[in-house]
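Text of the file query07.txt, holding compact mmCIF, C-alpha atoms:
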```
# COMPACT_ATOMS: atom_id res chain seq x y z
CA MET A 1 84.81 -88.75 -102.63
CA SER A 2 82.74 -91.21 -100.64
CA ARG A 3 82.37 -94.43 -102.61
CA ILE A 4 79.90 -95.87 -100.10
CA GLY A 5 77.86 -92.66 -99.87
CA ASN A 6 77.36 -92.51 -103.65
CA LYS A 7 75.88 -96.04 -103.86
CA PRO A 8 72.07 -95.99 -103.86
CA VAL A 9 70.22 -98.10 -101.29
CA ALA A 10 67.81 -100.55 -102.96
CA ILE A 11 64.39 -100.54 -101.28
CA PRO A 12 62.83 -104.03 -101.40
CA ALA A 13 59.10 -104.66 -101.86
CA GLY A 14 57.13 -104.21 -98.66
CA VAL A 15 59.48 -101.54 -97.27
CA THR A 16 58.60 -97.84 -97.26
CA VAL A 17 61.02 -94.98 -96.63
CA ASP A 18 59.72 -91.53 -95.65
CA VAL A 19 62.16 -88.63 -95.82
CA LEU A 20 61.34 -86.21 -93.00
CA GLU A 21 63.15 -83.13 -91.68
CA GLY A 22 66.54 -84.39 -90.47
CA LYS A 23 65.58 -88.08 -90.39
CA LEU A 24 64.39 -91.10 -92.34
CA LEU A 25 61.49 -93.27 -91.22
CA VAL A 26 61.91 -96.84 -92.52
CA LYS A 27 58.92 -99.20 -92.17
CA GLY A 28 58.82 -102.86 -93.13
CA PRO A 29 57.24 -106.21 -92.27
CA LYS A 30 59.41 -106.66 -89.14
CA GLY A 31 58.89 -103.16 -87.69
CA SER A 32 60.02 -99.57 -88.14
CA LEU A 33 63.29 -97.74 -87.50
CA GLU A 34 64.31 -94.10 -87.49
CA VAL A 35 67.64 -92.99 -89.00
CA SER A 36 68.95 -89.50 -88.31
CA LEU A 37 70.38 -87.51 -91.21
CA ASN A 38 73.50 -85.53 -90.35
CA SER A 39 73.60 -81.89 -91.36
CA GLY A 40 74.85 -81.41 -94.90
CA ILE A 41 73.37 -84.69 -96.19
CA ASP A 42 70.18 -84.85 -98.26
CA ALA A 43 68.17 -87.99 -99.01
CA LYS A 44 65.51 -88.64 -101.62
CA VAL A 45 63.63 -91.64 -102.93
CA GLU A 46 64.04 -92.22 -106.67
CA GLY A 47 61.87 -95.13 -107.79
CA THR A 48 62.99 -98.14 -105.75
CA ASN A 49 66.27 -96.55 -104.65
CA LEU A 50 67.25 -94.22 -101.84
CA VAL A 51 69.94 -91.72 -102.92
CA PHE A 52 72.13 -89.56 -100.68
CA THR A 53 73.81 -86.31 -101.76
CA ARG A 54 76.12 -83.82 -100.02
CA GLN A 55 75.24 -80.14 -99.73
CA ASN A 56 78.91 -79.04 -99.56
CA GLU A 57 82.42 -80.46 -99.82
CA GLN A 58 83.59 -79.90 -96.23
CA LYS A 59 85.65 -82.66 -94.66
CA GLN A 60 83.06 -83.50 -91.97
CA THR A 61 80.24 -83.66 -94.53
CA LYS A 62 82.27 -86.05 -96.69
CA GLN A 63 82.91 -88.25 -93.65
CA ASN A 64 79.22 -88.29 -92.71
CA HIS A 65 78.11 -89.14 -96.27
CA GLY A 66 79.10 -92.82 -96.16
CA THR A 67 78.06 -93.21 -92.52
CA VAL A 68 74.52 -91.98 -93.12
CA ARG A 69 74.16 -94.20 -96.20
CA ALA A 70 75.41 -97.26 -94.26
CA ASN A 71 73.01 -96.56 -91.36
CA ALA A 72 70.09 -96.23 -93.79
CA HIS A 73 71.06 -99.48 -95.56
CA ASN A 74 71.23 -101.29 -92.19
CA ALA A 75 67.76 -99.97 -91.32
CA VAL A 76 66.31 -101.19 -94.65
CA VAL A 77 67.87 -104.64 -94.21
CA GLY A 78 66.74 -104.75 -90.57
CA VAL A 79 63.06 -104.05 -91.21
CA SER A 80 62.93 -106.47 -94.15
CA GLU A 81 65.16 -109.40 -93.04
CA GLY A 82 66.41 -108.62 -89.53
CA PHE A 83 69.82 -109.31 -87.99
CA LYS A 84 71.03 -112.36 -86.11
CA LYS A 85 74.16 -113.25 -84.13
CA SER A 86 74.88 -116.70 -82.73
CA LEU A 87 77.15 -117.39 -79.78
CA GLU A 88 78.38 -120.65 -78.29
CA MET A 89 79.71 -121.49 -74.83
CA LYS A 90 82.69 -123.84 -74.40
CA GLY A 91 83.75 -125.13 -71.01
CA ILE A 92 82.75 -127.51 -68.25
CA GLY A 93 79.59 -126.31 -66.53
CA TYR A 94 79.07 -123.38 -68.93
CA LYS A 95 75.40 -122.98 -69.78
CA ALA A 96 72.63 -120.45 -70.29
CA GLN A 97 68.99 -120.38 -69.21
CA MET A 98 66.11 -118.02 -69.99
CA ASN A 99 64.24 -116.23 -67.18
CA GLY A 100 61.51 -114.31 -69.00
CA LYS A 101 63.37 -112.03 -71.41
CA THR A 102 66.57 -112.13 -69.34
CA VAL A 103 69.26 -114.74 -69.99
CA THR A 104 71.14 -116.20 -66.99
CA LEU A 105 74.70 -117.37 -67.64
CA TRP A 106 76.80 -119.90 -65.76
CA ALA A 107 80.29 -119.11 -67.05
CA GLY A 108 82.78 -120.49 -64.55
CA TYR A 109 82.23 -117.87 -61.84
CA SER A 110 80.96 -118.50 -58.31
CA HIS A 111 77.79 -116.61 -59.22
CA THR A 112 75.41 -116.35 -62.18
CA ILE A 113 75.25 -113.36 -64.50
CA ASP A 114 71.98 -111.96 -65.83
CA ILE A 115 71.93 -110.17 -69.19
CA VAL A 116 68.93 -108.04 -70.12
CA PRO A 117 68.66 -107.58 -73.92
CA ASN A 118 68.58 -104.12 -75.49
CA GLU A 119 65.25 -102.65 -76.65
CA GLY A 120 63.83 -104.58 -79.62
CA VAL A 121 66.18 -107.55 -79.25
CA THR A 122 65.13 -111.13 -78.51
CA ILE A 123 67.35 -113.90 -77.18
CA THR A 124 66.64 -117.59 -77.80
CA LEU A 125 68.45 -120.71 -76.63
CA PRO A 126 68.39 -123.64 -79.11
CA SER A 127 70.47 -125.60 -76.57
CA PRO A 128 71.95 -124.73 -73.13
CA THR A 129 75.30 -123.83 -74.72
CA GLU A 130 73.98 -121.92 -77.77
CA ILE A 131 72.66 -118.35 -77.66
CA VAL A 132 70.93 -116.64 -80.60
CA VAL A 133 70.42 -112.86 -80.54
CA GLU A 134 67.93 -111.43 -83.08
CA GLY A 135 66.39 -108.05 -83.84
CA ILE A 136 65.82 -105.36 -86.47
CA SER A 137 68.51 -102.92 -85.27
CA LYS A 138 72.04 -104.00 -86.21
CA GLN A 139 73.52 -101.83 -83.47
CA ALA A 140 71.27 -103.25 -80.73
CA VAL A 141 71.84 -106.88 -81.80
CA GLY A 142 75.62 -106.39 -81.93
CA GLN A 143 75.69 -104.58 -78.59
CA THR A 144 73.67 -107.28 -76.83
CA ALA A 145 75.83 -110.06 -78.33
CA ALA A 146 79.00 -108.20 -77.31
CA ARG A 147 77.72 -107.82 -73.72
CA ILE A 148 77.09 -111.59 -73.58
CA ARG A 149 80.55 -112.40 -74.99
CA GLU A 150 82.16 -109.91 -72.59
CA VAL A 151 81.03 -112.05 -69.60
CA ARG A 152 83.73 -114.63 -70.40
CA PRO A 153 85.75 -114.02 -73.59
CA PRO A 154 87.52 -117.11 -74.98
CA GLU A 155 90.89 -117.68 -73.34
CA PRO A 156 93.91 -118.51 -75.53
CA TYR A 157 95.13 -121.75 -73.89
CA LEU A 158 92.11 -124.08 -73.75
CA GLY A 159 89.60 -121.98 -75.75
CA LYS A 160 87.04 -121.94 -72.92
CA GLY A 161 84.58 -119.07 -72.86
CA ILE A 162 81.79 -117.49 -74.89
CA ARG A 163 82.51 -116.93 -78.58
CA TYR A 164 80.64 -116.05 -81.76
CA LYS A 165 79.66 -119.10 -83.77
CA GLY A 166 82.38 -119.72 -86.35
CA GLU A 167 84.88 -117.40 -84.62
CA HIS A 168 88.44 -118.72 -84.83
CA ILE A 169 90.47 -118.58 -81.62
CA SER A 170 94.24 -118.96 -82.01
CA LEU A 171 95.33 -121.28 -79.24
CA LYS A 172 98.73 -120.80 -77.60
CA GLU A 173 101.10 -123.54 -76.57
CA GLY A 174 101.39 -124.07 -72.84
CA LYS A 175 104.71 -123.70 -70.99
CA ARG A 176 105.06 -127.47 -70.65
CA ALA A 177 104.65 -128.10 -74.40
CA ALA A 178 106.99 -125.24 -75.33
CA ALA A 179 109.78 -126.59 -73.12
CA GLY A 180 109.68 -129.92 -74.97
CA GLY A 181 109.62 -131.99 -71.80
CA LYS A 182 113.05 -130.75 -70.61
CA LYS A 183 113.53 -129.82 -66.98
```
Turn this file's structure into structure tokens for me.
Amino acid sequence: MSRIGNKPVAIPAGVTVDVLEGKLLVKGPKGSLEVSLNSGIDAKVEGTNLVFTRQNEQKQTKQNHGTVRANAHNAVVGVSEGFKKSLEMKGIGYKAQMNGKTVTLWAGYSHTIDIVPNEGVTITLPSPTEIVVEGISKQAVGQTAARIREVRPPEPYLGKGIRYKGEHISLKEGKRAAAGGKK
């Protein structure tokens, strides 16, 4: 039994959900998204809730039940509130700069790296070492943020690199400190 799939999705004011053949069309103040319905899953709007039911009890249908519900919930939240990920750069000379919609990163390499955001995603720079990725699609925002972090993930000795804001990096002791000063 899918516990997630059985929970109804609350539809906030200003958001409309249209159930079409094999997909959901979610429209809100920030835009519109399309969510595909897997075979064996039915959706219907009951008042201010969106309810998902299974057509059969096959293993694959049960697995898809919670996934479809989660994707629909993410679409409803995206068109009403949007998604946001913040990253920060730590290190000497590490910085970011906007060139149109593209962000150029200086991350300790001999060259710069340009990152083009996914469709429907905007990147802003509150400061040269802070990057904010925003959009209505949770998948697109997460993918763009992951591509930026992938340029220079935080290293475990000094913590230099690009990390999510608030991410905890466990720092390792260096060889010198572990030896205790003995030769």
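Atom to atom, CA of Val121 (chain A) and CA of Glu134 (chain A) stand 5.7 Å apart.
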Problem - Nearest residue to Ala146 (chain A) from the set A:Arg3, A:Lys160, A:Lys90, A:Lys85 (distances using all atoms listed in the file) - result: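 Of A:Arg3, A:Lys160, A:Lys90, A:Lys85, the one nearest Ala146 (chain A), counting all atoms listed in the file, is A:Lys85.
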Problem - Closest of A:Ala96, A:Val35, A:Leu87, A:Ile115 to Pro153 (chain A) - atom-to-atom distances counting all atoms listed in the file - result: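 Closest candidate: A:Leu87.
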Completion exercise
Judged by all atoms listed in the file, the minimum distance to Gln58 (chain A) among A:Trp106, A:Ile41, A:Thr16, A:Glu46 is found for A:Ile41
Problem - Residue nearest Gly108 (chain A) - candidates A:Pro128, A:Gly135, A:Gly161, A:Gly142, atoms counted: only C-alpha atoms - result: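 For Gly108 (chain A), the nearest of the candidates is A:Gly161.
Taking CA of Val17 (chain A) and CA of Asn118 (chain A) as endpoints, the distance between them is 24.2 Å.
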Wanna dump the region 49-158 of chain A-region 4-8 of chain A contacts at 6 Å for me, each residue with its shortest atom pair and the distance in Å to one decimal, counting all atoms listed in the file, ordered by chain and number, as JSON lines?
```
{"residue": "A:Asn49", "atom": "CA", "partner": "A:Pro8", "partner_atom": "CA", "distance": 5.9}
{"residue": "A:Leu50", "atom": "CA", "partner": "A:Pro8", "partner_atom": "CA", "distance": 5.5}
{"residue": "A:Val51", "atom": "CA", "partner": "A:Pro8", "partner_atom": "CA", "distance": 4.9}
{"residue": "A:His65", "atom": "CA", "partner": "A:Gly5", "partner_atom": "CA", "distance": 5.0}
{"residue": "A:Gly66", "atom": "CA", "partner": "A:Gly5", "partner_atom": "CA", "distance": 3.9}
{"residue": "A:Arg69", "atom": "CA", "partner": "A:Gly5", "partner_atom": "CA", "distance": 5.4}
```
Practice task
Have a look at A:Gly174, A:Pro154, A:Gly22, A:Gly47 and name the one nearest to Glu88 (chain A); count only C-alpha atoms.
Solution key: A:Pro154
Exercise for the section: Pick out the closest residue to Ile92 (chain A) from this set: A:Pro156, A:Lys27, A:Tyr109, A:Ala72. Count all atoms listed in the file. Expected result: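 With all atoms listed in the file as the atom set, the closest residue is A:Tyr109.
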Taking all atoms of region 39-52 of chain A that the file lists and extending 6 Å past them on each side, where is the centre of the axis-aligned box and how long are its edges? Answer in Å to one decimal, as AutoDock Vina command-line options.
```
--center_x 68.4 --center_y -89.8 --center_z -99.6 --size_x 25.0 --size_y 28.7 --size_z 28.4
```
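CA of Val151 (chain A) sits 19.7 Å away from CA of Gly100 (chain A).
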Handout entry: Point (70.4, -116.4, -75.3) neighbourhood (8 Å, all atoms listed in the file) written as number ranges by chain
Key = A: 96-98, 103, 123-125, 130-133
Practice task
Considering only C-alpha atoms, return as a list in words whatever protein or nucleic-acid residues lie within 10 Å of Lys30 (chain A), sequence-local ones (same chain, fewer than 5 positions apart) excluded.
Solution key: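 Counting only C-alpha atoms, the residues come to Val15, Gly78, Val79, Ser80, Glu81, Gly82, Gly135 and Ile136 of chain A.
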